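Source file: final-v4.txt; contents: compact mmCIF, C-alpha atoms.
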```txt
# COMPACT_ATOMS: atom_id res chain seq x y z
CA MET A 1 -50.71 -42.28 -15.14
CA VAL A 2 -47.35 -41.46 -16.67
CA PHE A 3 -45.99 -43.68 -19.41
CA ARG A 4 -42.30 -44.39 -19.12
CA TYR A 5 -39.91 -46.56 -21.01
CA LYS A 6 -36.58 -47.47 -19.46
CA GLU A 7 -33.79 -46.78 -21.92
CA GLU A 8 -31.30 -49.64 -21.50
CA ASN A 9 -28.93 -49.24 -24.45
CA ASN A 10 -28.20 -45.52 -24.37
CA PRO A 11 -26.46 -44.17 -21.25
CA ASP A 12 -27.17 -40.59 -22.36
CA GLU A 13 -30.89 -41.15 -21.97
CA SER A 14 -32.54 -40.57 -18.63
CA LYS A 15 -33.59 -43.55 -16.54
CA LYS A 16 -37.15 -42.34 -17.04
CA GLY A 17 -36.76 -42.73 -20.80
CA THR A 18 -39.28 -40.12 -21.93
CA VAL A 19 -36.90 -37.28 -21.19
CA GLY A 20 -34.97 -38.22 -24.34
CA ILE A 21 -37.74 -37.10 -26.66
CA PHE A 22 -38.06 -33.74 -24.92
CA LYS A 23 -34.35 -33.05 -25.33
CA LYS A 24 -34.90 -33.47 -29.06
CA VAL A 25 -38.07 -31.38 -29.31
CA GLN A 26 -37.46 -28.79 -26.61
CA THR A 27 -37.64 -26.05 -29.25
CA HIS A 28 -41.26 -27.03 -29.76
CA CYS A 29 -42.09 -26.86 -26.05
CA ARG A 30 -40.26 -23.53 -25.58
CA ASN A 31 -41.84 -21.90 -28.62
CA GLU A 32 -44.05 -18.95 -27.54
CA GLU A 33 -46.85 -19.83 -29.93
CA TYR A 34 -46.85 -23.46 -28.81
CA ARG A 35 -46.89 -22.43 -25.14
CA LYS A 36 -50.22 -20.66 -25.76
CA LEU A 37 -51.76 -24.15 -25.71
CA LYS A 38 -51.55 -23.90 -21.92
CA ASP A 39 -54.50 -21.50 -22.07
CA ILE A 40 -56.73 -23.80 -24.13
CA PRO A 41 -58.74 -26.34 -22.10
CA ARG A 42 -58.84 -30.00 -23.11
CA HIS A 43 -61.18 -32.75 -21.88
CA GLY A 44 -62.29 -30.67 -18.90
CA SER A 45 -59.47 -31.64 -16.54
CA THR A 46 -56.39 -30.33 -18.33
CA ASN A 47 -55.09 -28.01 -21.03
CA THR A 48 -53.98 -28.72 -24.59
CA TYR A 49 -50.27 -28.28 -23.77
CA ALA A 50 -50.32 -30.88 -20.96
CA HIS A 51 -52.55 -33.21 -23.03
CA SER A 52 -50.13 -33.05 -25.95
CA ILE A 53 -47.14 -33.79 -23.72
CA ARG A 54 -48.91 -36.85 -22.30
CA VAL A 55 -49.77 -38.05 -25.81
CA ALA A 56 -46.16 -37.50 -26.91
CA MET A 57 -44.84 -39.46 -23.92
CA MET A 58 -47.17 -42.37 -24.58
CA ALA A 59 -46.53 -42.39 -28.35
CA TYR A 60 -42.77 -42.21 -27.81
CA SER A 61 -42.80 -45.03 -25.25
CA LEU A 62 -44.99 -47.31 -27.36
CA ALA A 63 -42.94 -46.61 -30.49
CA LYS A 64 -39.75 -47.57 -28.63
CA LYS A 65 -41.39 -50.74 -27.38
CA TRP A 66 -42.74 -51.67 -30.83
CA ASN A 67 -39.52 -50.78 -32.72
CA MET A 68 -41.05 -47.83 -34.55
CA ASP A 69 -39.67 -44.33 -35.14
CA ALA A 70 -39.93 -43.03 -31.57
CA GLU A 71 -38.69 -39.51 -32.38
CA SER A 72 -41.34 -39.10 -35.02
CA ALA A 73 -44.02 -40.53 -32.71
CA GLY A 74 -43.06 -38.12 -29.93
CA LYS A 75 -42.99 -35.16 -32.29
CA ILE A 76 -46.44 -35.80 -33.75
CA GLY A 77 -47.75 -36.45 -30.24
CA LEU A 78 -46.66 -32.93 -29.33
CA LEU A 79 -48.02 -31.33 -32.50
CA HIS A 80 -51.26 -33.24 -33.12
CA ASP A 81 -53.46 -30.67 -31.34
CA PHE A 82 -51.43 -27.52 -32.15
CA CYS A 83 -54.69 -25.67 -32.77
CA MET A 84 -55.56 -22.41 -31.00
CA ILE A 85 -59.32 -22.96 -30.90
CA ASP A 86 -61.14 -23.88 -27.70
CA TYR A 87 -63.61 -26.46 -29.00
CA HIS A 88 -65.91 -25.72 -26.05
CA LYS A 89 -66.46 -22.24 -27.48
CA ASP A 90 -66.34 -23.06 -31.21
CA ASP A 91 -69.43 -21.37 -32.63
CA GLY A 92 -69.19 -23.02 -36.05
CA THR A 93 -68.21 -19.82 -37.86
CA VAL A 94 -64.67 -21.07 -38.44
CA HIS A 95 -63.87 -23.62 -41.17
CA ASP A 96 -67.23 -23.42 -42.95
CA GLY A 97 -69.16 -24.70 -39.97
CA ARG A 98 -67.25 -28.00 -39.75
CA TRP A 99 -66.90 -29.60 -36.35
CA TYR A 100 -63.61 -29.26 -34.49
CA CYS A 101 -62.75 -32.97 -34.87
CA PHE A 102 -62.80 -32.56 -38.67
CA TYR A 103 -60.47 -29.57 -39.04
CA HIS A 104 -58.11 -29.19 -36.09
CA GLY A 105 -55.56 -31.59 -37.59
CA GLU A 106 -55.30 -29.25 -40.58
CA ASP A 107 -54.77 -26.31 -38.23
CA ALA A 108 -52.14 -28.25 -36.29
CA ILE A 109 -50.14 -28.87 -39.47
CA GLU A 110 -50.55 -25.27 -40.62
CA ASN A 111 -49.44 -23.92 -37.21
CA SER A 112 -46.49 -26.32 -37.15
CA GLU A 113 -45.35 -25.11 -40.56
CA LYS A 114 -45.72 -21.46 -39.52
CA GLN A 115 -43.37 -22.15 -36.61
CA ASN A 116 -40.92 -24.03 -38.87
CA PHE A 117 -41.54 -27.39 -37.19
CA TYR A 118 -40.75 -29.80 -40.00
CA LEU A 119 -43.22 -32.62 -40.59
CA ASN A 120 -42.76 -35.22 -43.30
CA HIS A 121 -45.66 -36.61 -45.35
CA VAL A 122 -46.27 -39.61 -43.04
CA GLU A 123 -46.29 -37.38 -39.93
CA LYS A 124 -48.72 -34.93 -41.55
CA ARG A 125 -51.05 -37.76 -42.54
CA ALA A 126 -50.90 -39.17 -38.99
CA ILE A 127 -51.94 -35.79 -37.57
CA LEU A 128 -54.73 -35.42 -40.14
CA THR A 129 -56.17 -38.85 -39.27
CA HIS A 130 -55.71 -38.93 -35.49
CA MET A 131 -59.39 -38.25 -34.82
CA PHE A 132 -60.47 -41.53 -36.43
CA PRO A 133 -63.15 -42.91 -35.97
CA LEU A 134 -64.77 -39.54 -35.11
CA SER A 135 -63.56 -38.10 -38.38
CA THR A 136 -63.83 -39.72 -41.79
CA ARG A 137 -60.08 -39.78 -42.47
CA ILE A 138 -58.70 -43.26 -41.93
CA PRO A 139 -55.13 -43.74 -40.64
CA ASN A 140 -52.90 -45.27 -43.31
CA SER A 141 -49.66 -46.02 -41.45
CA LYS A 142 -48.48 -47.64 -38.24
CA LEU A 143 -47.44 -44.21 -37.01
CA ALA A 144 -50.94 -42.84 -37.66
CA TYR A 145 -52.56 -45.71 -35.74
CA LEU A 146 -50.05 -45.25 -32.92
CA LEU A 147 -50.95 -41.55 -32.62
CA THR A 148 -54.67 -42.34 -32.74
CA LEU A 149 -54.28 -44.98 -30.01
CA SER A 150 -52.15 -42.70 -27.83
CA ASP A 151 -54.50 -39.74 -28.22
CA LYS A 152 -57.64 -41.77 -27.47
CA THR A 153 -56.04 -43.46 -24.45
CA VAL A 154 -54.85 -40.18 -22.93
CA ALA A 155 -58.17 -38.47 -23.72
CA LEU A 156 -60.06 -41.29 -22.01
CA GLN A 157 -57.82 -41.04 -18.93
CA GLU A 158 -58.37 -37.27 -18.78
CA SER A 159 -62.13 -37.63 -19.21
CA LEU A 160 -62.36 -40.34 -16.54
CA GLN A 161 -60.35 -38.13 -14.21
CA ASN A 162 -62.97 -35.46 -14.82
CA ILE A 163 -65.76 -37.88 -13.88
CA ALA A 164 -63.91 -38.94 -10.72
CA ILE A 165 -63.52 -35.28 -9.72
CA ALA A 166 -67.22 -34.67 -10.34
CA PHE A 167 -68.19 -37.64 -8.16
CA ALA A 168 -65.84 -36.47 -5.40
CA HIS A 169 -67.46 -33.02 -5.47
CA LEU A 170 -70.93 -34.57 -5.44
CA ARG A 171 -70.03 -36.78 -2.49
CA TYR A 172 -68.51 -33.85 -0.61
CA HIS A 173 -71.60 -31.66 -1.12
CA THR A 174 -73.92 -34.55 -0.22
CA ILE A 175 -72.05 -35.09 3.06
CA LEU A 176 -72.24 -31.36 3.82
CA LYS A 177 -76.01 -31.37 3.23
CA GLN A 178 -76.44 -34.47 5.40
CA ARG A 179 -74.50 -32.85 8.24
CA LYS A 180 -76.53 -29.66 7.92
CA ALA A 181 -79.75 -31.69 8.00
CA MET A 182 -78.55 -33.61 11.07
CA ARG A 183 -77.73 -30.35 12.90
CA PHE A 184 -81.16 -28.99 12.02
CA LEU A 185 -82.89 -32.16 13.25
CA ARG A 186 -80.89 -32.11 16.50
CA THR A 187 -81.91 -28.51 17.18
CA MET A 188 -85.54 -29.30 16.36
CA LEU A 189 -85.59 -32.41 18.56
CA SER A 190 -83.74 -30.87 21.48
CA PHE A 191 -86.34 -28.22 22.30
CA SER A 192 -87.30 -28.13 25.96
```
Can you turn what I pasted into structure tokens?
Amino acid sequence: MVFRYKEENNPDESKKGTVGIFKKVQTHCRNEEYRKLKDIPRHGSTNTYAHSIRVAMMAYSLAKKWNMDAESAGKIGLLHDFCMIDYHKDDGTVHDGRWYCFYHGEDAIENSEKQNFYLNHVEKRAILTHMFPLSTRIPNSKLAYLLTLSDKTVALQESLQNIAIAFAHLRYHTILKQRKAMRFLRTMLSFS
């Protein structure tokens, strides 16, 4: 599902609405270091780059709808998982053995600063707390709750997509086995 918000007051914005945020943060998306997120899997059915874009689109759209700072929401949606660690392979040797959900917000802020992507205090705090309630950091602003909601919603969609794909594969292989069994039975019963 793609989240879109129709921009009615600004003729420069696209009819799709979410394009506006990407015009403003295209330097983030074109950055070589940021593009490496395409190689890091996320929630089994996607990669971190695509996940972050979906979170940014949802956060931007909701912020527009709720009269919040949409540019800031879109930016932190893009940068919230700017962490180069595949949590599927995290062996616990990084970050003093802490789990991924407890430290990747810190890495995202650090990586953003290394690439000169400016984040204000509220945006940094939103990124640090976006894993609530899995982490112990509690969101303390509307923007932080918006990011948390957007991230959890998109993550759930991606995870459910993964389950649907698994069921489709299971059904396909079950049908193949049934057909093979039927062919075997036909050959066994058609002996003369």
Hey, could you pull the box centre and edge lengths for region 125-144 of chain A, axis-aligned, 3 Å padding per side, all listed atoms, to one decimal in Å, as AutoDock Vina command-line options?
```
--center_x -56.1 --center_y -41.5 --center_z -39.1 --size_x 23.3 --size_y 18.2 --size_z 14.5
```
Take CA of Phe102 (chain A) and CA of Pro133 (chain A) and report the distance between them in Å, one decimal.
-> 10.7 Å
Restricting the calculation to only C-alpha atoms, which member of A:Met84, A:Gln178, A:Glu123, A:Pro139 is positioned closest to Asp39 (chain A)?
-> A:Met84
Could you give me, as a VMD selection string, the residues within 12 Å of Val122 (chain A), counting all atoms listed in the file and dropping anything in the same chain fewer than 2 positions from it?
-> chain A and resid 69 72 to 73 76 109 118 to 120 124 to 129 139 to 145 147
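Residues with any atom within 12 Å of Cys29 (chain A), counting all atoms listed in the file and excluding same-chain neighbours fewer than 6 positions away, are Ile21, Phe22, Lys23, Arg35, Lys36, Leu37, Lys38, Tyr49, Ala50, Ser52, Ile53, Ala56, Gly74, Lys75, Gly77, Leu78, Leu79, Phe82, Ser112, Gln115 and Phe117 of chain A.
Those DNA, RNA and protein residues that approach the point (-55.4, -24.9, -35.7) to within 10 Å, considering all atoms listed in the file, are His80, Asp81, Phe82, Cys83, Met84, Ile85, Asp86, Tyr100, Tyr103, His104, Gly105, Glu106, Asp107, Ala108, Ile109, Glu110, Asn111 and Ser112 of chain A.
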